[in-house]
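Reproduced below: my_file25.csv, with CSV, C-alpha atoms.
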chain,number,residue,atom,x,y,z
A,228,MET,CA,164.2,116.5,94.3
A,229,GLU,CA,161.9,114.0,96.2
A,230,GLY,CA,160.9,110.9,94.4
A,231,LEU,CA,157.7,110.7,92.5
A,232,SER,CA,155.8,108.5,95.0
A,233,THR,CA,156.8,110.9,97.8
A,234,ARG,CA,155.7,114.0,95.8
A,235,LEU,CA,152.3,112.3,95.1
A,236,ILE,CA,151.7,111.2,98.7
A,237,HIS,CA,152.8,114.5,100.3
A,238,HIS,CA,151.5,116.8,97.7
A,239,PRO,CA,151.2,120.4,99.0
A,240,TYR,CA,147.9,121.3,97.3
A,241,ARG,CA,144.9,121.7,99.5
A,242,ALA,CA,141.5,122.5,98.0
A,243,PRO,CA,140.1,125.8,99.2
A,244,ASP,CA,137.4,126.0,101.9
A,245,GLY,CA,133.9,127.2,101.2
A,246,PHE,CA,132.6,124.5,98.9
A,247,ASP,CA,128.9,123.8,99.7
A,248,ALA,CA,126.4,121.4,98.2
A,249,ALA,CA,123.4,119.3,99.1
A,250,PRO,CA,125.2,116.0,99.5
A,251,VAL,CA,127.4,115.5,102.6
A,252,ALA,CA,131.0,114.9,101.7
A,253,VAL,CA,132.3,111.3,102.0
A,254,HIS,CA,135.3,111.2,104.3
A,255,LYS,CA,137.1,107.9,104.3
A,256,ALA,CA,139.9,107.4,106.8
A,257,SER,CA,141.4,105.0,109.3
A,258,THR,CA,144.4,107.2,110.2
A,259,VAL,CA,143.5,110.8,111.1
A,260,PHE,CA,146.4,113.3,111.1
A,261,PHE,CA,147.2,115.6,114.1
A,262,PRO,CA,149.1,118.8,113.6
A,263,ASN,CA,151.2,118.4,116.8
A,264,VAL,CA,151.6,116.3,119.9
A,265,ALA,CA,149.4,118.7,122.0
A,266,ALA,CA,146.5,118.0,119.6
A,267,LEU,CA,147.2,114.3,119.8
A,268,ARG,CA,146.9,114.4,123.5
A,269,THR,CA,143.9,116.7,123.9
A,270,ARG,CA,141.6,116.1,120.9
A,271,ARG,CA,138.3,114.5,121.9
A,272,TRP,CA,135.9,112.5,119.6
A,273,GLN,CA,133.4,111.6,122.3
A,274,ASP,CA,131.6,115.0,122.1
A,275,LYS,CA,132.2,115.4,118.3
A,276,SER,CA,134.6,118.3,118.8
A,277,GLY,CA,137.5,116.6,117.0
A,278,TYR,CA,138.7,113.5,115.1
A,279,THR,CA,141.2,110.9,116.3
A,280,TYR,CA,140.7,107.8,114.3
A,281,GLY,CA,138.3,106.7,111.6
A,282,LEU,CA,136.5,104.2,113.8
A,283,HIS,CA,135.6,106.9,116.2
A,284,GLY,CA,134.0,109.2,113.7
A,285,THR,CA,134.5,111.4,110.6
A,286,PRO,CA,132.6,114.4,109.4
A,287,THR,CA,130.4,112.0,107.4
A,288,THR,CA,129.4,109.7,110.3
A,289,PHE,CA,129.1,112.6,112.8
A,290,THR,CA,126.7,114.4,110.4
A,291,LEU,CA,124.6,111.2,110.0
A,292,GLU,CA,124.5,110.7,113.8
A,293,GLU,CA,123.3,114.2,114.4
A,294,ARG,CA,120.6,114.0,111.8
A,295,LEU,CA,119.4,110.7,113.1
A,296,ALA,CA,119.2,112.2,116.6
A,297,THR,CA,117.0,114.9,115.2
A,298,LEU,CA,114.8,112.3,113.5
A,299,GLU,CA,114.3,110.4,116.7
A,300,GLY,CA,113.9,113.4,118.9
A,301,ALA,CA,117.0,112.5,120.8
A,302,ARG,CA,120.2,114.3,121.8
A,303,HIS,CA,122.7,111.6,121.0
A,304,CYS,CA,123.2,108.8,118.5
A,305,VAL,CA,125.8,106.2,117.7
A,306,LEU,CA,125.9,104.0,114.6
A,307,ALA,CA,126.3,100.3,114.3
A,308,PRO,CA,127.0,97.9,111.4
A,309,SER,CA,123.4,96.6,111.4
A,310,GLY,CA,120.1,96.7,113.3
A,311,LEU,CA,121.0,93.6,115.2
A,312,ALA,CA,124.4,95.0,116.1
A,313,ALA,CA,122.5,98.0,117.5
A,314,ILE,CA,120.4,95.7,119.7
A,315,ALA,CA,123.6,93.9,120.8
A,316,LEU,CA,125.2,97.2,121.6
A,317,VAL,CA,122.4,98.1,124.0
A,318,ASP,CA,122.5,94.7,125.7
A,319,LEU,CA,126.2,94.7,126.1
A,320,ALA,CA,126.5,98.3,127.3
A,321,LEU,CA,123.7,98.0,129.9
A,322,LEU,CA,123.7,94.3,131.2
A,323,ARG,CA,126.1,92.4,133.4
A,324,ALA,CA,126.4,88.9,134.7
A,325,GLY,CA,123.5,88.2,137.1
A,326,ASP,CA,121.2,90.8,135.4
A,327,GLU,CA,117.9,90.0,133.6
A,328,VAL,CA,116.4,91.5,130.4
A,329,LEU,CA,112.7,91.4,129.6
A,330,ILE,CA,111.7,90.9,126.0
A,331,PRO,CA,108.2,91.2,124.5
A,332,ASP,CA,106.7,88.1,123.0
A,333,HIS,CA,106.3,89.8,119.6
A,334,ALA,CA,109.9,91.0,119.4
A,335,TYR,CA,112.2,90.8,116.5
A,336,GLY,CA,113.4,87.2,116.6
A,337,PRO,CA,117.2,87.7,116.6
A,338,ASN,CA,116.7,89.9,119.7
A,339,LEU,CA,115.4,86.9,121.6
A,340,ALA,CA,118.0,84.5,120.0
A,341,LEU,CA,120.8,86.8,121.3
A,342,ALA,CA,119.3,86.5,124.8
A,343,GLN,CA,118.9,82.8,124.6
A,344,HIS,CA,122.4,82.1,123.5
A,345,GLU,CA,125.2,84.8,124.0
A,346,LEU,CA,123.6,86.6,126.9
A,347,ALA,CA,122.7,83.3,128.6
A,348,GLY,CA,126.3,82.1,128.2
A,349,TRP,CA,127.5,85.3,130.0
A,350,GLY,CA,125.2,84.7,133.0
A,351,ILE,CA,122.4,87.2,131.9
A,352,THR,CA,118.9,85.7,132.1
A,353,HIS,CA,115.8,86.8,130.1
A,354,ARG,CA,112.1,86.6,130.6
A,355,ILE,CA,109.3,87.0,128.0
A,356,TYR,CA,106.3,89.2,128.8
A,357,ASP,CA,103.0,89.9,127.0
A,358,PRO,CA,103.4,93.4,125.5
A,359,MET,CA,99.7,93.9,125.2
A,360,ASP,CA,99.2,93.5,129.0
A,361,PRO,CA,101.0,96.1,131.2
A,362,ALA,CA,100.0,94.0,134.3
A,363,ASP,CA,102.0,91.0,132.9
A,364,LEU,CA,105.0,93.3,132.4
A,365,ALA,CA,104.6,94.4,136.1
A,366,ALA,CA,104.5,90.8,137.2
A,367,SER,CA,107.6,89.9,135.2
A,368,ILE,CA,109.9,92.6,136.7
A,369,GLY,CA,112.2,91.2,139.3
A,370,GLU,CA,115.0,92.3,141.5
A,371,ARG,CA,117.6,91.5,138.8
A,372,THR,CA,115.7,93.2,135.9
A,373,ARG,CA,117.9,95.8,134.4
A,374,LEU,CA,116.6,96.2,130.8
A,375,VAL,CA,113.1,96.1,129.2
A,376,TRP,CA,112.8,95.9,125.5
A,377,LEU,CA,109.7,97.4,123.8
A,378,GLU,CA,108.6,97.1,120.2
A,379,ALA,CA,105.9,99.0,118.3
A,380,ALA,CA,104.5,97.6,116.2
A,381,GLY,CA,105.5,94.0,116.9
A,382,SER,CA,107.6,92.0,114.5
A,383,VAL,CA,105.6,90.0,112.0
A,384,THR,CA,102.2,90.0,113.9
A,385,LEU,CA,102.2,93.8,114.2
A,386,GLU,CA,100.5,94.2,117.6
A,387,PHE,CA,100.7,97.8,118.7
A,388,PRO,CA,101.1,98.0,122.5
A,389,ASP,CA,100.3,100.9,124.8
A,390,VAL,CA,104.0,101.9,125.1
A,391,PRO,CA,103.4,104.8,127.5
A,392,ALA,CA,101.6,102.4,129.9
A,393,LEU,CA,104.5,99.9,129.7
A,394,VAL,CA,107.0,102.7,130.4
A,395,GLU,CA,104.9,103.8,133.3
A,396,VAL,CA,105.1,100.3,134.7
A,397,VAL,CA,108.9,100.4,134.6
A,398,ARG,CA,108.9,103.9,136.1
A,399,ARG,CA,106.9,102.7,139.1
A,400,ALA,CA,109.2,99.7,139.5
A,401,ASN,CA,112.2,102.0,139.5
A,402,ALA,CA,111.1,103.7,142.7
A,403,GLY,CA,113.8,103.2,145.3
A,404,ARG,CA,116.2,101.3,143.0
A,405,THR,CA,119.9,102.4,143.0
A,406,ARG,CA,120.4,101.0,139.5
A,407,PRO,CA,117.2,101.8,137.6
A,408,ILE,CA,115.7,99.6,134.8
A,409,VAL,CA,116.3,101.0,131.4
A,410,THR,CA,113.6,100.9,128.7
A,411,ALA,CA,114.8,100.4,125.1
A,412,LEU,CA,112.4,100.6,122.1
A,413,ASP,CA,112.9,99.1,118.7
A,414,ASP,CA,111.7,102.0,116.5
A,415,THR,CA,112.5,100.4,113.1
A,416,TRP,CA,108.8,100.3,112.2
A,417,GLY,CA,108.1,103.8,113.4
A,418,ALA,CA,111.3,105.1,111.8
A,419,GLY,CA,111.1,108.4,113.6
A,420,VAL,CA,108.0,109.3,111.5
A,421,ALA,CA,105.0,107.5,113.0
A,422,TYR,CA,105.7,108.7,116.5
A,423,GLN,CA,108.3,110.3,118.8
A,424,PRO,CA,109.2,107.6,121.4
A,425,PHE,CA,111.1,109.9,123.8
A,426,ASP,CA,107.8,111.8,124.3
A,427,TRP,CA,106.6,108.5,125.9
A,428,GLY,CA,109.4,108.4,128.4
A,429,VAL,CA,111.5,105.7,126.6
A,430,ASP,CA,115.2,105.8,127.6
A,431,VAL,CA,116.8,104.4,124.5
A,432,THR,CA,115.8,103.7,120.9
A,433,MET,CA,117.3,101.7,118.2
A,434,GLN,CA,116.6,101.5,114.5
A,435,ALA,CA,117.7,99.2,111.7
A,436,LEU,CA,118.7,101.9,109.2
A,437,THR,CA,118.8,99.0,106.7
A,438,LYS,CA,115.0,99.6,106.4
A,439,TYR,CA,113.4,103.1,106.0
A,440,ALA,CA,116.4,105.3,106.6
A,441,SER,CA,118.4,104.0,103.6
A,442,GLY,CA,115.3,103.0,101.5
A,443,GLY,CA,117.3,101.3,98.8
A,444,ALA,CA,117.6,97.8,100.1
A,445,ASP,CA,121.4,98.1,99.7
A,446,VAL,CA,122.8,99.1,103.1
A,447,LEU,CA,123.2,97.3,106.4
A,448,MET,CA,123.3,99.7,109.4
A,449,GLY,CA,121.8,100.5,112.8
A,450,ALA,CA,121.6,103.4,115.2
A,451,VAL,CA,121.1,103.8,118.9
A,452,CYS,CA,119.7,107.1,120.3
A,453,THR,CA,119.1,108.5,123.7
A,454,ARG,CA,118.5,111.8,125.5
A,455,ASP,CA,120.4,110.8,128.6
A,456,GLU,CA,124.0,111.8,128.9
A,457,ALA,CA,125.1,109.0,131.2
A,458,LEU,CA,123.4,106.3,129.0
A,459,HIS,CA,125.0,107.8,125.9
A,460,HIS,CA,128.4,107.7,127.5
A,461,ALA,CA,127.9,104.0,128.5
A,462,LEU,CA,126.8,103.2,125.0
A,463,LEU,CA,129.6,105.1,123.4
A,464,MET,CA,132.3,103.5,125.5
A,465,THR,CA,131.0,100.0,124.8
A,466,HIS,CA,130.7,101.0,121.1
A,467,MET,CA,134.4,102.0,121.1
A,468,ARG,CA,135.6,98.8,122.9
A,469,LEU,CA,133.7,96.6,120.5
A,470,GLY,CA,135.0,98.4,117.5
A,471,LEU,CA,131.6,98.9,115.9
A,472,GLY,CA,132.4,101.0,112.8
A,473,VAL,CA,130.4,101.7,109.6
A,474,GLY,CA,131.7,102.4,106.1
A,475,ALA,CA,131.8,105.9,104.8
A,476,ASN,CA,130.0,105.0,101.6
A,477,ASP,CA,127.2,103.3,103.6
A,478,ALA,CA,126.9,106.4,105.8
A,479,GLU,CA,126.6,108.4,102.6
A,480,ALA,CA,123.8,106.2,101.3
A,481,VAL,CA,121.8,106.7,104.4
A,482,LEU,CA,122.4,110.4,104.3
A,483,ARG,CA,121.1,110.4,100.8
A,484,GLY,CA,118.0,108.5,101.8
A,485,LEU,CA,117.0,110.7,104.8
A,486,PRO,CA,115.6,113.6,102.8
A,487,SER,CA,113.0,111.4,101.2
A,488,LEU,CA,112.3,109.2,104.3
A,489,GLU,CA,109.0,110.9,105.2
A,490,LEU,CA,107.8,110.9,101.6
A,491,ARG,CA,108.6,107.2,101.2
A,492,TYR,CA,107.1,106.3,104.5
A,493,ARG,CA,103.8,108.0,103.7
A,494,ALA,CA,103.6,106.6,100.2
A,495,GLN,CA,104.3,103.0,101.3
A,496,ASP,CA,101.9,103.5,104.3
A,497,GLU,CA,99.1,104.6,101.9
A,498,ARG,CA,99.7,101.6,99.6
A,499,CYS,CA,99.8,99.2,102.5
A,500,ARG,CA,96.5,100.4,104.0
A,501,THR,CA,94.8,100.1,100.6
A,502,LEU,CA,96.0,96.5,100.2
A,503,ALA,CA,95.3,95.6,103.8
A,504,GLN,CA,91.7,96.6,103.4
A,505,TRP,CA,91.3,94.7,100.1
A,506,LEU,CA,92.9,91.6,101.6
A,507,ALA,CA,90.7,91.6,104.6
A,508,ARG,CA,87.7,91.1,102.2
A,509,GLN,CA,89.2,88.1,100.5
A,510,PRO,CA,88.0,84.5,101.0
A,511,ARG,CA,90.1,82.2,103.1
A,512,VAL,CA,91.4,85.1,105.2
A,513,ALA,CA,90.8,84.9,108.9
A,514,ARG,CA,92.1,88.4,109.5
A,515,VAL,CA,94.7,90.9,108.3
A,516,LEU,CA,97.1,92.2,111.0
A,517,HIS,CA,97.8,95.9,110.4
A,518,PRO,CA,97.6,98.5,113.2
A,519,ALA,CA,95.4,100.9,111.1
A,520,LEU,CA,92.7,98.2,110.6
A,521,PRO,CA,90.0,98.1,113.3
A,522,GLY,CA,90.2,94.8,115.1
A,523,SER,CA,93.9,94.4,114.6
A,524,PRO,CA,95.5,94.0,118.1
A,525,GLY,CA,96.4,97.3,119.6
A,526,HIS,CA,94.4,99.3,116.9
A,527,GLU,CA,93.1,101.7,119.6
A,528,HIS,CA,96.6,102.3,121.0
A,529,TRP,CA,97.8,103.0,117.5
A,530,ARG,CA,95.0,105.5,116.9
A,531,ARG,CA,95.9,107.4,120.0
A,532,LEU,CA,99.7,107.2,119.8
A,533,ALA,CA,100.8,107.1,116.1
A,534,ARG,CA,100.6,109.2,113.0
A,535,GLY,CA,101.6,106.5,110.5
A,536,ALA,CA,101.4,102.8,109.9
A,537,ALA,CA,104.5,101.8,107.9
A,538,ALA,CA,104.6,99.3,105.0
A,539,LEU,CA,103.9,95.9,106.6
A,540,LEU,CA,100.8,93.8,106.8
A,541,THR,CA,100.3,90.1,107.8
A,542,VAL,CA,97.7,87.8,106.4
A,543,VAL,CA,96.3,85.1,108.8
A,544,PHE,CA,94.6,82.4,106.9
A,545,GLU,CA,91.6,80.3,107.8
A,546,PRO,CA,92.5,77.2,109.8
A,547,ASP,CA,91.7,74.8,106.9
A,548,VAL,CA,94.2,76.4,104.5
A,549,ALA,CA,97.0,73.9,104.3
A,550,PRO,CA,100.6,75.2,104.8
A,551,GLN,CA,101.5,73.9,101.3
A,552,ARG,CA,98.7,76.1,99.8
A,553,VAL,CA,100.2,79.1,101.6
A,554,ASP,CA,103.6,78.4,100.2
A,555,ALA,CA,102.1,77.9,96.7
A,556,PHE,CA,100.5,81.4,97.1
A,557,CYS,CA,103.9,82.9,97.9
A,558,ASP,CA,105.6,81.1,95.0
A,559,ALA,CA,102.9,82.4,92.6
A,560,LEU,CA,103.5,86.0,93.3
A,561,ARG,CA,105.4,87.9,90.5
A,562,LEU,CA,105.9,91.4,91.7
A,563,PHE,CA,106.2,90.5,95.3
A,564,ARG,CA,109.6,88.9,95.8
A,565,LEU,CA,110.6,86.3,98.4
A,566,GLY,CA,113.1,88.0,100.7
A,567,TYR,CA,113.8,89.2,104.2
A,568,SER,CA,113.8,92.9,105.3
A,569,TRP,CA,111.4,95.6,104.1
A,570,ALA,CA,111.0,99.3,103.4
A,571,GLY,CA,112.9,99.2,100.1
A,572,PRO,CA,111.3,99.9,96.7
A,573,VAL,CA,110.5,96.3,95.9
A,574,SER,CA,107.5,94.6,97.6
A,575,LEU,CA,108.4,91.5,99.5
A,576,CYS,CA,106.6,88.3,100.7
A,577,MET,CA,107.6,86.1,103.6
A,578,PRO,CA,105.8,83.1,105.1
A,579,TYR,CA,106.2,82.5,108.9
A,580,ASP,CA,105.3,79.8,111.3
A,581,ILE,CA,104.3,81.8,114.3
A,582,PRO,CA,104.2,79.0,117.0
A,583,ALA,CA,107.8,78.3,116.3
A,584,MET,CA,108.6,82.0,117.0
A,585,ARG,CA,106.5,82.6,120.1
A,586,GLN,CA,106.7,81.6,123.7
A,587,ARG,CA,103.0,82.0,124.3
A,588,PRO,CA,100.0,80.3,122.5
A,589,TRP,CA,99.1,81.5,119.0
A,590,PRO,CA,95.3,81.1,118.6
A,591,HIS,CA,95.2,81.0,114.8
A,592,ALA,CA,96.5,78.8,111.9
A,593,PRO,CA,100.2,78.6,112.3
A,594,ARG,CA,101.3,79.7,108.8
A,595,VAL,CA,101.0,83.4,108.1
A,596,VAL,CA,102.3,85.6,105.3
A,597,ARG,CA,103.9,89.0,105.9
A,598,LEU,CA,103.8,91.4,103.0
A,599,ALA,CA,106.1,94.4,102.8
A,600,ILE,CA,104.7,96.9,100.4
A,601,GLY,CA,107.2,98.7,98.2
A,602,LEU,CA,106.8,101.6,95.8
A,603,GLU,CA,105.2,99.8,92.8
A,604,ASP,CA,101.8,100.9,91.5
A,605,VAL,CA,99.2,99.8,94.1
A,606,GLU,CA,96.8,98.4,91.4
A,607,ASP,CA,99.6,96.3,89.9
A,608,LEU,CA,100.3,94.9,93.4
A,609,ARG,CA,96.6,94.1,93.9
A,610,GLN,CA,96.4,92.3,90.6
A,611,ASP,CA,99.5,90.3,91.5
A,612,LEU,CA,97.9,89.2,94.8
A,613,ALA,CA,94.6,88.4,93.0
A,614,GLN,CA,96.3,86.1,90.5
A,615,ALA,CA,98.2,84.3,93.3
A,616,TRP,CA,95.1,83.9,95.4
A,617,ARG,CA,93.8,81.2,93.1
A,618,LYS,CA,96.6,79.0,94.4
A,619,LEU,CA,94.9,78.8,97.8
A,620,GLY,CA,92.1,76.7,96.3

For this file, write the structure as structure tokens.
Amino acid sequence: MEGLSTRLIHHPYRAPDGFDAAPVAVHKASTVFFPNVAALRTRRWQDKSGYTYGLHGTPTTFTLEERLATLEGARHCVLAPSGLAAIALVDLALLRAGDEVLIPDHAYGPNLALAQHELAGWGITHRIYDPMDPADLAASIGERTRLVWLEAAGSVTLEFPDVPALVEVVRRANAGRTRPIVTALDDTWGAGVAYQPFDWGVDVTMQALTKYASGGADVLMGAVCTRDEALHHALLMTHMRLGLGVGANDAEAVLRGLPSLELRYRAQDERCRTLAQWLARQPRVARVLHPALPGSPGHEHWRRLARGAAALLTVVFEPDVAPQRVDAFCDALRLFRLGYSWAGPVSLCMPYDIPAMRQRPWPHAPRVVRLAIGLEDVEDLRQDLAQAWRKLG
């Protein structure tokens, strides 16, 4: 008789097929078994027709990728360990030494930092353009431009650009090029709910699934989607060579969050608009940046292009409000917690110094406060803001 350990490891029992339930099963594996050598040599993971190694996909991660592709209106999706890893995947798959990437001035800060450091060290240059001015993008495109990043709405200051117009600029610039410029949109704010970016002609999207897709403030993950087969293949091969895997339990958490994604998005959007309108009427406020507010940069583009406005707003204070007062306001908040990220159940507050983040002049007081609205009662949040407002003096 075989030893106990052998009998436990090689136990003959197999659960019957046919089990069905709402949650997707969690498959954890590094090694994947093959029934024979022929299967070892012919099985393909690239088209999701089979499994070869845990890093290249399991039923759990394949299911998540397919659902995310549906969410984005794409055909293909690959997962990454974070939103920033998804940005890096796009850069590394599509850029070579001697190429140039264009980044909007309101982009997520680590996107620019990656270009300033790692990409620059590999001989890839970058240029900043004004996302609110398609003519500036047209003037920024050069012979070596190979990738244009887009973001709607912009990070922290929430400008909403005319994305179709920016894509059209790139389409015209591609005429006659043997290696066309690719457009890549950071869709974390839109989350696949506020708009369908591929309808605008975008080539690639990425999302930080850390935000809306998971919804629990407990997962780090990103995704890159496309409709283009050749682009997907380039992304997938770079993904493989970089070894960008995600944990099965994290994939399960995102799968669990997806069914409530639209409900949470709409609920947080509604709370955010209520508070944005209230804050815009408060003393010491120069303006509130939120795409659904008239007067916020790109509001008309948002009205024409989007069906939602997410959970973020940014307060710009009057010039005579000292930075120390702004910090005191943040410290006085009780329900709003100080912390990075957003789209979880807890409302968050974060002060930013915009001139330190931008390449172009910022015409307002430097210190702003971005609020991420969670799922608390909106009146409780308003009262918390009101009691903290007294700290502004």

| Nearest to Ala549 in chain A by atom-to-atom distance, counting all atoms listed in the file, from A:Leu575, A:Leu231, A:Leu447, A:Val595 |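 With all atoms listed in the file as the atom set, the closest residue is A:Val595.
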
| request: Would you list the contacts of Ser523 in chain A as a list of chain:residue names, taking every protein, DNA or RNA residue within 12 Å and counting only C-alpha atoms, but skipping same-chain residues closer than 5 positions in sequence? | output: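 Listing them by chain and then by number gives A:Ala380, A:Gly381, A:Thr384, A:Leu385, A:Glu386, A:Phe387, A:Pro388, A:Ala503, A:Gln504, A:Ala507, A:Ala513, A:Arg514, A:Val515, A:Leu516, A:His517, A:Pro518, A:His528, A:Trp529, A:Arg530, A:Leu540, A:Thr541, A:Val542, A:Val543.
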
| task | Rounded to one decimal place, report the CA of Val548 in chain A-CA of Arg564 in chain A distance in Å. | result |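 Between these atoms lies a distance of 21.7 Å.
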
| message | At a cut-off of 10 Å, using all atoms listed in the file, what residues contact Ala613 in chain A? Leave out same-chain residues fewer than 5 positions from it and give the result as a ChimeraX atom specification. | response | /A:506,509,560,607-608,618

| request: Provide the CA of Ala478 in chain A to CA of Pro250 in chain A distance in Å, to one decimal place. | output: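 A separation of 11.6 Å between them.
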